[in-house]
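> Sharing work.cif below, mmCIF, C-alpha atoms:
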```
data_data
loop_
_atom_site.label_atom_id
_atom_site.label_comp_id
_atom_site.auth_asym_id
_atom_site.auth_seq_id
_atom_site.Cartn_x
_atom_site.Cartn_y
_atom_site.Cartn_z
CA MET A 130 99.93 39.97 80.35
CA ASP A 131 100.23 43.25 82.18
CA THR A 132 100.42 46.02 79.61
CA ALA A 133 101.20 48.76 82.12
CA ASP A 134 103.77 51.03 80.61
CA ASP A 135 107.15 51.13 82.38
CA TYR A 136 109.50 53.63 80.75
CA ASP A 137 112.42 53.66 83.16
CA SER A 138 114.51 50.98 81.51
CA PRO A 139 113.89 51.81 77.82
CA TRP A 140 114.69 55.48 78.34
CA LYS A 141 117.83 54.62 80.30
CA GLU A 142 119.03 52.23 77.59
CA ALA A 143 118.36 54.73 74.82
CA VAL A 144 120.12 57.62 76.56
CA GLU A 145 123.17 55.54 77.42
CA SER A 146 123.49 54.05 73.93
CA TYR A 147 122.94 57.24 71.93
CA PHE A 148 123.77 60.16 74.19
CA PRO A 149 125.05 62.58 71.47
CA GLU A 150 121.92 61.92 69.38
CA PHE A 151 119.77 62.50 72.47
CA ILE A 152 121.34 65.91 73.08
CA ALA A 153 121.16 66.80 69.37
CA PHE A 154 117.45 65.99 69.19
CA TYR A 155 116.16 67.60 72.37
CA PHE A 156 118.83 70.23 73.14
CA PRO A 157 120.39 71.26 69.81
CA ASP A 158 121.97 74.45 71.21
CA ALA A 159 123.87 72.44 73.81
CA HIS A 160 124.86 69.87 71.18
CA ARG A 161 126.46 72.56 69.01
CA GLN A 162 128.59 73.79 71.93
CA ILE A 163 129.93 70.37 72.98
CA ASP A 164 133.15 69.06 71.46
CA TRP A 165 132.02 65.50 70.78
CA ALA A 166 135.42 64.62 69.31
CA CYS A 167 136.77 64.72 72.88
CA GLY A 168 134.32 62.03 73.90
CA TYR A 169 132.13 61.95 76.99
CA GLN A 170 131.98 59.98 80.21
CA PHE A 171 129.00 58.94 82.30
CA LEU A 172 129.43 59.40 86.05
CA ASP A 173 126.37 57.68 87.46
CA GLN A 174 128.04 56.34 90.59
CA GLU A 175 129.39 59.80 91.36
CA LEU A 176 125.91 61.26 90.88
CA ARG A 177 124.38 58.78 93.30
CA ALA A 178 127.04 59.60 95.88
CA VAL A 179 126.36 63.32 95.59
CA VAL A 180 122.57 63.19 95.81
CA GLN A 181 121.85 60.02 97.78
CA ASP A 182 120.32 61.93 100.70
CA ALA A 183 118.46 64.43 98.50
CA GLU A 184 115.92 62.18 96.82
CA LEU A 185 113.02 64.42 95.84
CA GLY A 186 110.55 62.33 93.85
CA LYS A 187 110.70 59.56 91.26
CA ARG A 188 111.96 60.15 87.72
CA PHE A 189 112.59 58.03 84.65
CA VAL A 190 116.28 58.74 84.10
CA ASP A 191 118.90 60.57 86.12
CA LYS A 192 122.30 60.88 84.38
CA LEU A 193 125.54 62.77 84.85
CA ALA A 194 128.02 63.10 82.00
CA LYS A 195 131.33 64.91 81.61
CA VAL A 196 131.87 66.70 78.27
CA ALA A 197 134.25 69.26 76.73
CA LEU A 198 133.28 72.50 74.99
CA ARG A 199 134.18 73.53 71.45
CA ASP A 200 135.30 77.03 72.43
CA GLY A 201 137.86 75.72 74.90
CA SER A 202 136.59 78.00 77.66
CA GLU A 203 136.29 75.04 80.01
CA ARG A 204 138.10 71.71 79.82
CA TRP A 205 135.14 69.88 81.26
CA VAL A 206 131.47 70.65 81.85
CA TYR A 207 129.20 68.38 83.85
CA VAL A 208 125.84 67.69 82.22
CA HIS A 209 123.11 66.68 84.65
CA LEU A 210 120.19 65.19 82.74
CA GLU A 211 116.74 64.34 84.06
CA VAL A 212 113.97 62.56 82.15
CA GLN A 213 110.90 63.26 84.27
CA GLY A 214 107.79 61.15 83.80
CA SER A 215 105.20 62.95 85.90
CA ALA A 216 104.34 66.49 86.98
CA GLN A 217 105.76 67.08 90.44
CA ALA A 218 105.79 70.26 92.47
CA GLU A 219 109.27 69.58 93.82
CA PHE A 220 110.91 68.90 90.45
CA ALA A 221 112.47 72.35 89.95
CA GLU A 222 113.77 72.26 93.52
CA ARG A 223 115.43 68.92 92.83
CA MET A 224 117.15 70.34 89.75
CA PHE A 225 118.45 73.19 91.90
CA VAL A 226 119.64 70.93 94.73
CA TYR A 227 121.43 68.53 92.38
CA HIS A 228 122.99 71.44 90.50
CA TYR A 229 124.56 73.12 93.50
CA ARG A 230 125.69 69.80 95.01
CA LEU A 231 127.43 68.84 91.78
CA PHE A 232 129.11 72.23 91.56
CA ASP A 233 130.18 71.96 95.19
CA ARG A 234 131.82 68.63 94.47
CA TYR A 235 133.54 69.37 91.16
CA ARG A 236 133.99 73.17 91.20
CA GLN A 237 133.36 73.08 87.46
CA PRO A 238 130.40 74.41 85.40
CA VAL A 239 127.26 72.27 85.58
CA ALA A 240 124.58 72.24 82.88
CA SER A 241 121.18 71.04 84.09
CA LEU A 242 118.87 69.73 81.34
CA ALA A 243 115.36 68.29 81.72
CA LEU A 244 113.21 66.25 79.35
CA LEU A 245 109.58 66.34 80.47
CA ALA A 246 107.78 63.11 79.57
CA ASP A 247 104.59 63.74 81.56
CA THR A 248 101.04 64.16 80.29
CA THR A 249 100.26 67.58 81.80
CA ALA A 250 100.53 70.14 79.00
CA SER A 251 100.65 73.14 81.32
CA TRP A 252 103.46 71.81 83.55
CA ARG A 253 106.70 73.43 82.35
CA PRO A 254 109.17 74.00 85.18
CA SER A 255 112.32 75.81 84.07
CA GLN A 256 113.65 77.69 87.09
CA PHE A 257 114.01 77.62 90.85
CA GLY A 258 115.25 80.33 93.19
CA TYR A 259 114.60 82.46 96.21
CA GLN A 260 115.58 85.76 97.80
CA ALA A 261 115.94 86.95 101.36
CA LEU A 262 117.29 90.13 102.93
CA GLY A 263 118.73 91.44 99.71
CA CYS A 264 120.31 88.11 98.73
CA SER A 265 118.91 86.23 95.73
CA ILE A 266 119.78 83.11 93.77
CA GLU A 267 118.13 81.50 90.77
CA LEU A 268 118.72 78.49 88.52
CA ASN A 269 117.27 78.56 85.00
CA PHE A 270 117.47 75.26 83.14
CA PRO A 271 116.54 74.27 79.55
CA THR A 272 113.66 71.82 79.12
CA ALA A 273 112.15 69.86 76.27
CA LYS A 274 108.53 68.66 76.44
CA LEU A 275 107.59 65.43 74.66
CA LEU A 276 103.95 66.52 74.34
CA ASP A 277 105.11 69.38 72.11
CA TYR A 278 106.10 66.84 69.46
CA ALA A 279 102.60 65.35 69.26
CA ALA A 280 101.51 67.89 66.65
CA HIS A 281 104.54 67.14 64.48
CA GLN A 282 104.41 63.38 64.11
CA ASP A 283 104.76 63.52 60.32
CA GLN A 284 108.14 65.25 60.76
CA LEU A 285 109.17 62.68 63.35
CA TYR A 286 108.58 59.86 60.89
CA GLN A 287 110.96 61.61 58.47
CA ASN A 288 113.65 62.55 61.00
CA PRO A 289 116.69 60.21 60.91
CA ASN A 290 117.68 60.87 64.53
CA PRO A 291 116.92 57.72 66.57
CA PHE A 292 115.19 59.82 69.23
CA ALA A 293 112.57 60.84 66.71
CA LEU A 294 111.55 57.17 66.74
CA VAL A 295 111.81 56.97 70.55
CA THR A 296 109.64 60.08 70.83
CA LEU A 297 107.07 58.55 68.50
CA ALA A 298 107.06 55.36 70.54
CA HIS A 299 106.46 57.36 73.71
CA LEU A 300 103.65 59.46 72.23
CA LEU A 301 101.95 56.50 70.55
CA THR A 302 102.15 54.43 73.72
CA GLN A 303 100.37 57.17 75.65
CA ALA A 304 97.76 57.58 72.89
CA THR A 305 96.93 53.86 72.77
CA ARG A 306 96.64 52.98 76.45
CA GLN A 307 93.02 51.92 75.99
CA ASP A 308 93.32 50.40 72.50
CA MET A 309 95.80 47.55 72.09
CA ASN A 310 94.84 46.99 68.44
CA ALA A 311 95.77 50.60 67.70
CA ARG A 312 99.02 50.12 69.60
CA PHE A 313 99.78 47.02 67.54
CA ALA A 314 99.30 48.99 64.30
CA ALA A 315 101.44 51.87 65.58
CA LYS A 316 104.21 49.56 66.78
CA TRP A 317 104.27 47.63 63.51
CA LYS A 318 104.63 50.91 61.60
CA LEU A 319 107.61 51.88 63.75
CA VAL A 320 109.23 48.47 63.32
CA GLN A 321 108.99 48.85 59.54
CA LEU A 322 110.56 52.29 59.88
CA LEU A 323 113.53 50.70 61.65
CA TYR A 324 114.31 48.67 58.54
CA GLN A 325 113.76 51.56 56.16
CA ARG A 326 116.37 53.78 57.82
CA GLY A 327 119.35 51.79 56.55
CA TRP A 328 120.81 51.55 60.06
CA ASP A 329 123.33 48.89 61.03
CA LYS A 330 122.18 45.71 62.73
CA GLN A 331 123.17 46.75 66.26
CA ARG A 332 121.26 50.03 66.08
CA VAL A 333 118.17 48.23 64.77
CA ILE A 334 118.38 45.73 67.65
CA ASP A 335 118.98 48.47 70.24
CA LEU A 336 116.06 50.62 69.10
CA PHE A 337 113.76 47.66 68.63
CA SER A 338 114.45 46.70 72.25
CA VAL A 339 113.50 50.21 73.35
CA LEU A 340 110.21 50.40 71.47
CA ASP A 341 109.39 46.75 72.27
CA TRP A 342 109.81 47.45 75.96
CA MET A 343 107.93 50.74 75.78
CA MET A 344 104.99 49.65 73.59
CA ARG A 345 103.93 46.50 75.41
CA LEU A 346 101.28 44.28 73.84
CA PRO A 347 99.06 41.42 75.01
CA GLU A 348 100.45 37.97 74.20
CA GLN A 349 98.28 37.32 71.14
CA LEU A 350 99.16 40.62 69.49
CA LYS A 351 102.80 40.15 70.41
CA ARG A 352 102.82 36.83 68.54
CA SER A 353 101.22 38.51 65.54
CA LEU A 354 103.88 41.21 65.57
CA TRP A 355 106.70 38.66 65.68
CA HIS A 356 105.15 36.86 62.72
CA ASN A 357 105.05 40.12 60.76
CA ILE A 358 108.68 40.85 61.65
CA GLU A 359 109.78 37.39 60.58
CA VAL A 360 108.09 37.82 57.19
CA LEU A 361 109.64 41.28 56.81
CA GLU A 362 113.13 40.02 57.62
CA GLU A 363 112.78 37.19 55.14
CA GLN A 364 111.76 39.67 52.44
CA GLU A 365 114.55 42.11 53.26
CA LYS A 366 117.09 39.36 53.96
CA MET A 367 117.88 40.96 57.31
CA ARG A 368 117.94 38.51 60.18
CA TYR A 369 118.10 41.15 62.87
CA VAL A 370 115.60 41.16 65.70
CA THR A 371 114.06 37.72 65.11
CA SER A 372 117.43 36.19 65.92
CA ILE A 373 116.91 37.26 69.56
CA GLU A 374 113.14 36.69 69.85
CA GLN A 375 113.50 33.17 71.20
CA LEU A 376 116.04 34.36 73.72
CA TYR A 377 113.64 36.98 75.05
CA SER A 378 110.88 34.38 75.39
CA GLU A 379 113.14 31.92 77.17
CA LYS A 380 114.70 34.56 79.41
CA TRP A 381 111.35 35.96 80.52
CA MET A 382 110.11 32.44 81.22
CA LEU A 383 113.22 31.57 83.20
CA GLN A 384 113.07 34.79 85.19
CA GLY A 385 109.51 33.99 86.13
CA LEU A 386 110.58 30.53 87.24
CA MET A 387 113.46 31.94 89.26
CA GLN A 388 111.17 34.26 91.21
CA GLY A 389 108.86 31.45 92.22
CA ARG A 390 111.22 28.54 92.76
CA LEU A 391 112.67 27.27 96.01
CA GLU A 392 116.40 27.18 96.54
CA GLY A 393 116.41 23.42 96.17
CA GLU A 394 115.52 23.75 92.49
CA GLN A 395 118.40 26.05 91.53
CA SER A 396 120.26 23.43 89.48
CA GLY A 397 117.30 23.00 87.14
CA ILE A 398 117.05 26.76 86.59
CA ALA A 399 120.78 26.98 85.86
CA LYS A 400 120.40 24.30 83.18
CA GLY A 401 117.61 26.29 81.56
CA GLU A 402 119.67 29.48 81.64
CA ALA A 403 122.65 27.66 80.12
CA TYR A 404 120.45 26.27 77.36
CA ALA A 405 119.03 29.70 76.50
CA LEU A 406 122.49 31.28 76.47
CA ARG A 407 123.96 28.48 74.36
CA ARG A 408 121.22 28.92 71.75
CA LEU A 409 121.77 32.66 71.56
CA LEU A 410 125.56 32.35 71.29
CA GLN A 411 125.25 29.80 68.51
CA LYS A 412 122.87 32.04 66.58
CA ARG A 413 125.11 35.08 66.93
CA PHE A 414 128.62 33.60 66.72
CA GLY A 415 128.30 30.13 65.19
CA PRO A 416 129.37 26.74 66.63
CA LEU A 417 130.77 26.86 70.15
CA SER A 418 134.04 25.27 71.25
CA GLU A 419 134.19 22.53 73.86
CA ASP A 420 135.78 24.99 76.28
CA VAL A 421 132.85 27.41 75.96
CA LEU A 422 130.30 24.61 76.36
CA ALA A 423 132.09 23.36 79.47
CA ARG A 424 132.15 26.89 80.89
CA LEU A 425 128.40 27.23 80.39
CA GLN A 426 127.80 23.88 82.05
CA ALA A 427 129.81 24.80 85.14
CA ALA A 428 128.60 28.39 85.53
CA SER A 429 126.50 29.70 88.39
CA ILE A 430 123.09 31.30 87.83
CA ASP A 431 124.56 34.76 88.46
CA GLU A 432 127.25 34.18 85.83
CA LEU A 433 124.72 32.92 83.30
CA GLU A 434 122.46 35.92 83.88
CA LEU A 435 125.41 38.29 83.37
CA TRP A 436 126.51 36.55 80.16
CA LEU A 437 122.93 36.40 78.89
CA ASP A 438 122.60 40.18 79.21
CA ARG A 439 125.99 40.79 77.59
CA ALA A 440 125.22 38.47 74.70
CA LEU A 441 122.53 40.81 73.38
CA ASP A 442 125.07 43.54 72.56
CA ALA A 443 128.50 41.89 72.41
CA ASP A 444 130.41 41.90 69.13
CA SER A 445 132.23 38.65 69.89
CA LEU A 446 132.38 35.76 72.34
CA ALA A 447 135.24 37.51 74.10
CA GLY A 448 132.90 40.41 74.84
CA VAL A 449 130.41 38.04 76.47
CA PHE A 450 132.92 36.41 78.79
CA SER A 451 135.17 39.40 79.52
CA GLN A 452 135.96 40.11 83.17
#
```
Could I get this structure in the form of structure tokens?


Amino acid sequence: MDTADDYDSPWKEAVESYFPEFIAFYFPDAHRQIDWACGYQFLDQELRAVVQDAELGKRFVDKLAKVALRDGSERWVYVHLEVQGSAQAEFAERMFVYHYRLFDRYRQPVASLALLADTTASWRPSQFGYQALGCSIELNFPTAKLLDYAAHQDQLYQNPNPFALVTLAHLLTQATRQDMNARFAAKWKLVQLLYQRGWDKQRVIDLFSVLDWMMRLPEQLKRSLWHNIEVLEEQEKMRYVTSIEQLYSEKWMLQGLMQGRLEGEQSGIAKGEAYALRRLLQKRFGPLSEDVLARLQAASIDELELWLDRALDADSLAGVFSQ
């Protein structure tokens, strides 16, 4: 198994699922000024349209959200968030370019925020500007640096914000790149913490998915971890993450098959996908009706893949099959 650490997807999932908690943890001043009772809206397609020809380096997460302020001074403020995974000379310039393009489009205040997830302690960009012939312009943007939390891991273990756990997972993944046994021990400790928090089932599943994706293990250690989790869930009478373990195994296997198969074998892959989805739906929602079974049997591979992804988070069968 390749244990290379790929953070893009886990960070994206965590930010999208728990955006207010993300802002509260890393940018508490901004969190206090936002009127969360008014809700918030992600505008990712709009962000891509604005900056599509201004790509300046790779980053983990690039989000745009619309929020309201408590003081009523502005009906909407656009929050541009970057989670940056490596030190890059052009990063501050990118923040500046995205900021002015977003303002140009919306003519509303834009708040640019950056979470620095790199490993270079001295790299701390927070402004970009220039001056010429008496004209000057400058953007100053708040940043949070994950490395700064490394000296406060005891406090992170006690902090109930879910991003304390995500931060721990990030730091411990970096610290155990060369020692998979140490990573196994660190990951198992975080899994136990998930069950000690008293969180609801969906939050446990969501955050387990993040740390499981972030803290990758070789196959043998992964099996040992699943055994530990199964014993823990039996003791705590919480059938949370083990209810989806078989799905993950089957889905990964099927995805591997799909990448290597010829088009002539598509019907066999579809049957495997339907089987995996049927098992998951039965575990989550109980016996399936004849109509649902017939729908699974007749579905295309694309439909099955879509439903399989939805089934991890849906609250009901209707949520899985919604248009």

> Select, from A:Ser429, A:Arg236, A:Leu340, A:Lys318, the residue with the minimum atom-to-atom distance to Thr302 of chain A, counting all atoms listed in the file.

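Among the listed residues, A:Leu340 lies closest to Thr302 of chain A.
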
> For atom CA of Leu176 of chain A and atom CA of Asp233 of chain A, quote the distance in Å rounded to one decimal.

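These two atoms are separated by 12.3 Å.
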
> Quick one: residues within 12 Å of Thr249 of chain A, all atoms listed in the file, excluding same-chain residues fewer than 2 positions away - as a list of chain:residue names?

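Those residues are A:Gln213, A:Gly214, A:Ser215, A:Ala216, A:Gln217, A:Leu245, A:Ala246, A:Asp247, A:Ser251, A:Trp252, A:Arg253, A:Pro254, A:Lys274, A:Leu275, A:Leu276, A:Asp277.
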
> I need every residue sitting at most 7 Å from the point (119.4, 64.6, 89.1) (coordinates as in the file, only C-alpha atoms considered), written as an NGL selection string.

:A and (191-192 or 209-211 or 223-224 or 227)

> Segment 214-219 of chain A, all listed atoms, 3 Å padding on each side: what axis-aligned box centre and edge lengths in Å to one decimal come out, as AutoDock Vina command-line options?


```
--center_x 106.8 --center_y 65.7 --center_z 88.8 --size_x 10.9 --size_y 15.1 --size_z 16.0
```

> So that I can see what lies close to Gln287 of chain A, please list as a list of chain:residue names the residues with an atom at most 12 Å from it, counting only C-alpha atoms and leaving out residues fewer than 4 positions away in the same chain.

A:His281, A:Gln282, A:Asp283, A:Pro291, A:Phe292, A:Ala293, A:Leu294, A:Leu297, A:Leu319, A:Leu322, A:Leu323, A:Gln325, A:Arg326

> Choose the residue, out of A:Asn269, A:Arg424, A:Leu301, A:Asp335, that has the smallest atom-to-atom separation from Val144 of chain A; count all atoms listed in the file.

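Of the candidates, the smallest distance to Val144 of chain A is held by A:Asp335.
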
> Applied to the shown file, which residues does the PyMOL selection byres ((chain A and resi 156) around 12) return, written as a PyMOL selection string?

chain A and resi 148-155+157-163+208+210+240-244+270-274+292

> May I ask for the distance between atom CA of Phe220 of chain A and atom CA of Ala304 of chain A, given in Å to one decimal place?

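According to the coordinates, atom CA of Phe220 of chain A and atom CA of Ala304 of chain A are separated by 24.7 Å.
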
> Please determine, counting only C-alpha atoms, which residue among A:Asp444, A:Asp438, A:Glu175, A:Asp431 has the shortest atom-to-atom distance to Phe414 of chain A.

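Checking each of A:Asp444, A:Asp438, A:Glu175, A:Asp431 against Phe414 of chain A, counting only C-alpha atoms, the winner is A:Asp444.
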
> Using all atoms listed in the file, which residue out of A:Glu142, A:Glu203, A:Glu362, A:Glu219 lies closest to Lys330 of chain A?

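Going through A:Glu142, A:Glu203, A:Glu362, A:Glu219 one by one, the smallest distance to Lys330 of chain A is for A:Glu362.
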
> I would like the residues chosen by the PyMOL selection byres ((chain A and resi 448) around 12) on the shown file; could you give them as an mmCIF file with C-alpha atoms, in the coordinates of the input?


```cif
data_model
loop_
_atom_site.group_PDB
_atom_site.id
_atom_site.type_symbol
_atom_site.label_atom_id
_atom_site.label_comp_id
_atom_site.auth_asym_id
_atom_site.auth_seq_id
_atom_site.Cartn_x
_atom_site.Cartn_y
_atom_site.Cartn_z
ATOM 1 C CA LEU A 410 125.560 32.350 71.290
ATOM 2 C CA PHE A 414 128.620 33.600 66.720
ATOM 3 C CA LEU A 435 125.410 38.290 83.370
ATOM 4 C CA TRP A 436 126.510 36.550 80.160
ATOM 5 C CA LEU A 437 122.930 36.400 78.890
ATOM 6 C CA ASP A 438 122.600 40.180 79.210
ATOM 7 C CA ARG A 439 125.990 40.790 77.590
ATOM 8 C CA ALA A 440 125.220 38.470 74.700
ATOM 9 C CA LEU A 441 122.530 40.810 73.380
ATOM 10 C CA ASP A 442 125.070 43.540 72.560
ATOM 11 C CA ALA A 443 128.500 41.890 72.410
ATOM 12 C CA ASP A 444 130.410 41.900 69.130
ATOM 13 C CA SER A 445 132.230 38.650 69.890
ATOM 14 C CA LEU A 446 132.380 35.760 72.340
ATOM 15 C CA ALA A 447 135.240 37.510 74.100
ATOM 16 C CA VAL A 449 130.410 38.040 76.470
ATOM 17 C CA PHE A 450 132.920 36.410 78.790
ATOM 18 C CA SER A 451 135.170 39.400 79.520
ATOM 19 C CA GLN A 452 135.960 40.110 83.170
#
```

> Check the smallest atom-to-atom distance from each of A:Asp200, A:Asp164, A:Asp329, A:Glu348 to Met309 of chain A using all atoms listed in the file, then report the winner.

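Of the candidates, the smallest distance to Met309 of chain A is held by A:Glu348.
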
> For Leu350 of chain A, list every protein, DNA or RNA residue within 10 Å, evaluated using all atoms listed in the file, and leave out those in the same chain fewer than 2 positions away; present the list as a VMD selection string.

chain A and resid 309 to 310 312 to 314 345 to 348 352 to 356

> Enter the distance from atom CA of Arg413 of chain A to atom CA of Val295 of chain A, in Å, rounded to one decimal.

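These atoms are spaced 25.9 Å apart.
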